[in-house]
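Reading through the structure tokens given below for one structure.
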Amino acid sequence: MAYWLMKTEPDECSIDDLANAAPAAVIWEGVRNYQARNFMRQMQVGDEVLIYHSSCKMIGVAGTAKVVKAAYSDPTQFDSQSSYFDAKSKKENPRWDAVDVKFVQKFKQLLPLDAIKAMPALQELALVKKGNRLSVMPVSEAEWRAILGAAGI
DNA sequence: GCCAACGTTGGC
DNA sequence: GCCAACGTTGGC
């Protein structure tokens with residue numbers, strides 16, 4: 001049982017989109033970074049995920065979800081119509097993986113990035129390290145608790 | 001829209 | 001295997 005943070009642009013897949021899909025899960029696809037992919041491959045069913053909204057008006061952690069299907073071949077890499085298409089990925093050895101995640105909760109108030117940066121307990125979070133561009137990253141149990149505590153949960 | 005920081009690519 | 005050029009990310 002582990003904790004993670006995943007970034008999403010709310011235009012693509014917001015916490016509300018996850019909530020609207022519930023109780024169905026959502027395919028977390030389109031990750032095209034090897035480090036992020038490797039973290040996804042470590043995810044196990046039941047792991048919990050912070051949903052982080054990036055590149056938008058209200059930047060921060062918006063809620064949580066949980067992994068309901070471990071990593072499998074991301075179908076969009078073979079779809080030439082998809083913006084995630086990767087011509088160099090081979091069917092017999094796919095480069096990219098997806099996981100399925102299911103909505104758990106939306107925070108009453110989004111926990112903003114500047115609040116996260118100000119919390120002593122979160123100084124080691126990859127998210128707040130300078131220049132960090134990882135879209136999937138591990139979160140320690142202490143960090144998880146600090147974030148949920150700050151969100152009033 | 002800007003731009004710093006980073007990851008990836010490809011020539012050598 | 002180096003590294004310059006390029007493309008992308010993502011906060012501001």
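Each chain of the structure tokens is named A, B, ... in the order shown, its residues numbered from 1; ligands are numbered from 1 in display order.
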
>> Taking only C-alpha atoms (C1' of nucleotides) into account, find every residue of chain C that has an atom no more than 12 Å from chain A, and write it out as a PyMOL selection string.
In response: chain C and resi 8-12

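Every protein or nucleic acid residue with an atom no more than 8 Å from range 69-75 of chain A, counting only C-alpha atoms (C1' of nucleotides) and leaving out same-chain residues fewer than 6 positions away, appears here: Glu29, Gly30, Met40, Arg41, Gln42, Met43, Gln44, Val45, Pro94, Arg95, Trp96, Asp97, Ala98, Val99, Asp100 and Val101 of chain A.
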
> Can you list, as a PyMOL selection string, every protein, DNA or RNA residue that comes within 12 Å of Arg145 in chain A when you count only C-alpha atoms (C1' of nucleotides), leaving out same-chain residues fewer than 5 positions away?
Replying inline: chain A and resi 3+48+50+121-122+139-140+150-153

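A straight line drawn from CA of Ala142 in chain A to CA of Asp114 in chain A is 18.9 Å long.
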
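Straight-line separation from CA of Thr64 in chain A to CA of Asp47 in chain A: 10.6 Å.
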
> Which residue out of A:Val67, A:Ala118, A:Ile51, A:Leu110 has the minimum interatomic distance to Ala24 in chain A when only C-alpha atoms are used?
Replying inline: A:Val67

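Minimum atom-to-atom distances from A:Asp17, A:His53, A:Thr8, A:Gln81 to Val31 in chain A were compared using only C-alpha atoms, and the lowest value belongs to A:Thr8.
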
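Straight-line separation from CA of Gly60 in chain A to C1' of DG7 in chain C: 25.5 Å.
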